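J.: One structure follows; several queries about it will come next.
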Amino acid sequence: MNTPERVMVILAHPDDPEFFCGGTIGRWVREGREVVYVLATHGERGSDDPTLSPEQLARIREEEQRAAARVLGVREVIFLDYPDGSLTPSLELRRDLARQIRRWKPDIVITCDPTVRYRSGYLNHPDHRAIGDAALDAVYPDARNPMQFPELRAEGLEPHRVREVYIAGAAEPDTEVDITDTLALKLEALRQHRSQIADPDGLEARLREWYRKEGPDGTVRYIERFRRVMLR
């Protein structure tokens, strides 16, 4: 019996996986891959509502993220408990990500582009840049290097080599994943993040336009774009 291909999504906040790669995750789960989310924070500062405490919002957003993961068929959601809004690509974060990579042994890691600071009408969150930086370092060299973080080997976690990295929100994407059949699943997963999405219908319209790709014959498909890195 073949072992299912394993995917680990490493991002900063609840709702990031659905926004960055929810259609791809839905498709890959349908194809038989096992998917695990590793999120650095609980997103406890992601609200303009002064009546909510960070602790309350953390609980809400964790519940929302687990509900969204169930929609997509994600196996497990892991929170690393770093403070929202204060993430840095520290050695501690790299070690904690390397620990999860060695524990779960993913074939593919999805993270976001640490080089993107802005686009038209959009400034990238510093936590997104930080988690992308730390995740790439955790994949290479940290998770595969037996000399790095010897405490992980003391925990029984041997080095692991990730085969591929998909960088979401990339400045220069080179890979497209057709999510036409799972776009509705992505949108349903996003609707679980009620604390973050005030106008789900408006968001859906914008995302349909964003992911739309019309072929030369007029056929409409929906795609998510990545920068794909194959590792030796």
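Order determines the names: the first chain of the structure tokens is A, the second B, and so forth; residues in each chain are numbered 1 upward, and ligands are numbered 1 upward as they are shown.
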Hey, what's within 12 Å of range 148-154 of chain A if we count only C-alpha atoms and toss same-chain stuff fewer than 6 positions away? As number ranges by chain, please?
T.: A: 91-103, 137-142, 160
J.: Leaving out Trp28 in chain A and any residue of its chain fewer than 2 positions from it, which residues lie within 12 Å of it when counting only C-alpha atoms, given as a list in words?
T.: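 Near neighbours after the sequence-gap exclusion: Pro4, Glu5, Arg6, Val7, Met8, Cys21, Gly22, Gly23, Thr24, Ile25, Gly26, Arg30, Glu31, Gly32, Arg33, Glu34, Val35, Val36, Leu72, Gly73, Val74, Ile108, Val177, Asp178, Ile179, Asp181 and Thr182 of chain A.
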J.: Enumerate the residues of range 126-172 of chain A with a DSSP assignment of helix (DSSP H, G or I), computed from the backbone, and present them as a count of residues only.
T.: 22
J.: For the structure I just gave you, how does DSSP split range 71-205 of chain A - specifically, which residues are strand (DSSP E)? Reply as a PyMOL selection string.
T.: chain A and resi 76-82+108-112+118-119+122-123+164-168+175-178
J.: Fewer than 3 positions away in the same chain doesn't count, so skip those; otherwise give me all residues within 12 Å of range 197-201 of chain A, counting only C-alpha atoms, as a list in words.
T.: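 Those residues are Asp15, Phe19, Gly46, Ser47, Asp48, Arg61, Glu64, Leu187, Glu188, Ala189, Leu190, Arg191, Gln192, His193, Arg194, Glu204, Ala205, Arg206, Leu207 and Arg208 of chain A.
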J.: Would you output that residue set with N, CA and C atoms, as a PDB file, in the first residue's frame?
T.:
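The resulting file, again_9.pdb, is reproduced below:
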ATOM      1  N   ASP A  15      -6.844  31.768   9.008  1.00  0.00           N
ATOM      2  CA  ASP A  15      -7.390  32.227   7.715  1.00  0.00           C
ATOM      3  C   ASP A  15      -6.337  32.351   6.624  1.00  0.00           C
ATOM      4  N   PHE A  19      -6.887  31.682   2.473  1.00  0.00           N
ATOM      5  CA  PHE A  19      -6.637  32.755   1.518  1.00  0.00           C
ATOM      6  C   PHE A  19      -5.504  32.398   0.554  1.00  0.00           C
ATOM      7  N   GLY A  46      -6.018  40.449  15.592  1.00  0.00           N
ATOM      8  CA  GLY A  46      -6.594  40.718  14.279  1.00  0.00           C
ATOM      9  C   GLY A  46      -8.028  41.185  14.336  1.00  0.00           C
ATOM     10  N   SER A  47      -8.287  42.301  15.048  1.00  0.00           N
ATOM     11  CA  SER A  47      -9.651  42.824  15.124  1.00  0.00           C
ATOM     12  C   SER A  47      -9.613  44.304  15.469  1.00  0.00           C
ATOM     13  N   ASP A  48     -10.619  45.038  14.973  1.00  0.00           N
ATOM     14  CA  ASP A  48     -10.803  46.440  15.340  1.00  0.00           C
ATOM     15  C   ASP A  48     -11.842  46.600  16.445  1.00  0.00           C
ATOM     16  N   ARG A  61     -10.760  32.630  16.914  1.00  0.00           N
ATOM     17  CA  ARG A  61     -10.062  32.389  15.658  1.00  0.00           C
ATOM     18  C   ARG A  61      -9.534  30.957  15.561  1.00  0.00           C
ATOM     19  N   GLU A  64     -12.546  28.993  14.512  1.00  0.00           N
ATOM     20  CA  GLU A  64     -12.830  29.254  13.098  1.00  0.00           C
ATOM     21  C   GLU A  64     -11.854  28.509  12.195  1.00  0.00           C
ATOM     22  N   LEU A 187     -14.056  28.806  -0.851  1.00  0.00           N
ATOM     23  CA  LEU A 187     -14.923  29.888  -0.412  1.00  0.00           C
ATOM     24  C   LEU A 187     -15.722  29.498   0.832  1.00  0.00           C
ATOM     25  N   GLU A 188     -16.164  28.249   0.889  1.00  0.00           N
ATOM     26  CA  GLU A 188     -16.882  27.774   2.069  1.00  0.00           C
ATOM     27  C   GLU A 188     -15.964  27.748   3.288  1.00  0.00           C
ATOM     28  N   ALA A 189     -14.721  27.346   3.097  1.00  0.00           N
ATOM     29  CA  ALA A 189     -13.754  27.360   4.195  1.00  0.00           C
ATOM     30  C   ALA A 189     -13.508  28.787   4.677  1.00  0.00           C
ATOM     31  N   LEU A 190     -13.387  29.721   3.748  1.00  0.00           N
ATOM     32  CA  LEU A 190     -13.182  31.115   4.132  1.00  0.00           C
ATOM     33  C   LEU A 190     -14.367  31.664   4.918  1.00  0.00           C
ATOM     34  N   ARG A 191     -15.569  31.225   4.593  1.00  0.00           N
ATOM     35  CA  ARG A 191     -16.753  31.703   5.301  1.00  0.00           C
ATOM     36  C   ARG A 191     -16.765  31.291   6.772  1.00  0.00           C
ATOM     37  N   GLN A 192     -15.940  30.339   7.150  1.00  0.00           N
ATOM     38  CA  GLN A 192     -15.856  29.950   8.567  1.00  0.00           C
ATOM     39  C   GLN A 192     -15.177  31.034   9.402  1.00  0.00           C
ATOM     40  N   HIS A 193     -14.406  31.904   8.743  1.00  0.00           N
ATOM     41  CA  HIS A 193     -13.660  32.944   9.465  1.00  0.00           C
ATOM     42  C   HIS A 193     -14.541  34.182   9.637  1.00  0.00           C
ATOM     43  N   ARG A 194     -15.606  34.012  10.390  1.00  0.00           N
ATOM     44  CA  ARG A 194     -16.609  35.060  10.509  1.00  0.00           C
ATOM     45  C   ARG A 194     -16.079  36.309  11.203  1.00  0.00           C
ATOM     46  N   GLU A 204     -16.269  36.920  -1.975  1.00  0.00           N
ATOM     47  CA  GLU A 204     -16.365  35.857  -2.972  1.00  0.00           C
ATOM     48  C   GLU A 204     -16.290  36.422  -4.383  1.00  0.00           C
ATOM     49  N   ALA A 205     -16.977  37.528  -4.636  1.00  0.00           N
ATOM     50  CA  ALA A 205     -16.951  38.138  -5.968  1.00  0.00           C
ATOM     51  C   ALA A 205     -15.545  38.581  -6.330  1.00  0.00           C
ATOM     52  N   ARG A 206     -14.838  39.170  -5.367  1.00  0.00           N
ATOM     53  CA  ARG A 206     -13.464  39.622  -5.634  1.00  0.00           C
ATOM     54  C   ARG A 206     -12.527  38.446  -5.896  1.00  0.00           C
ATOM     55  N   LEU A 207     -12.681  37.394  -5.120  1.00  0.00           N
ATOM     56  CA  LEU A 207     -11.801  36.239  -5.294  1.00  0.00           C
ATOM     57  C   LEU A 207     -12.084  35.513  -6.610  1.00  0.00           C
ATOM     58  N   ARG A 208     -13.332  35.427  -6.985  1.00  0.00           N
ATOM     59  CA  ARG A 208     -13.647  34.803  -8.277  1.00  0.00           C
ATOM     60  C   ARG A 208     -12.977  35.571  -9.416  1.00  0.00           C
TER      61      ARG A 208
END
J.: To one decimal in Å, tell me the separation between CA of Asp127 in chain A and CA of Arg70 in chain A.
T.: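 Interatomic distance here is 24.5 Å.
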J.: Go through A:Lys186, A:Arg27, A:His13, A:Arg117 one by one, measure the shortest atom-to-atom distance of each to Glu44 in chain A using only C-alpha atoms, and give the residue with the smallest value.
T.: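 Counting only C-alpha atoms, the residue closest to Glu44 in chain A is A:His13.
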J.: Just how far from CA of Arg66 in chain A is CA of Arg163 in chain A, in Å to one decimal?
T.: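 According to the coordinates, CA of Arg163 in chain A and CA of Arg66 in chain A are separated by 26.9 Å.
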J.: Show which residues sit within 7 Å of range 222-229 of chain A, as a list of chain:residue names. Count only C-alpha atoms, and ignore same-chain residues fewer than 4 positions away.
T.: A:Cys21, A:Thr24, A:Glu164, A:Val165, A:Tyr166, A:Ile167, A:Ala168, A:Gly169, A:Ala170, A:Glu172, A:Pro173, A:Asp174, A:Thr175, A:Glu176, A:Val177, A:Asp178, A:Ile179, A:Thr180, A:Tyr211, A:Arg212, A:Lys213
J.: Between CA of Arg129 in chain A and CA of Thr41 in chain A, measure the distance and give it in Å to one decimal.
T.: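 Computed distance, CA of Arg129 in chain A to CA of Thr41 in chain A, equals 13.7 Å.
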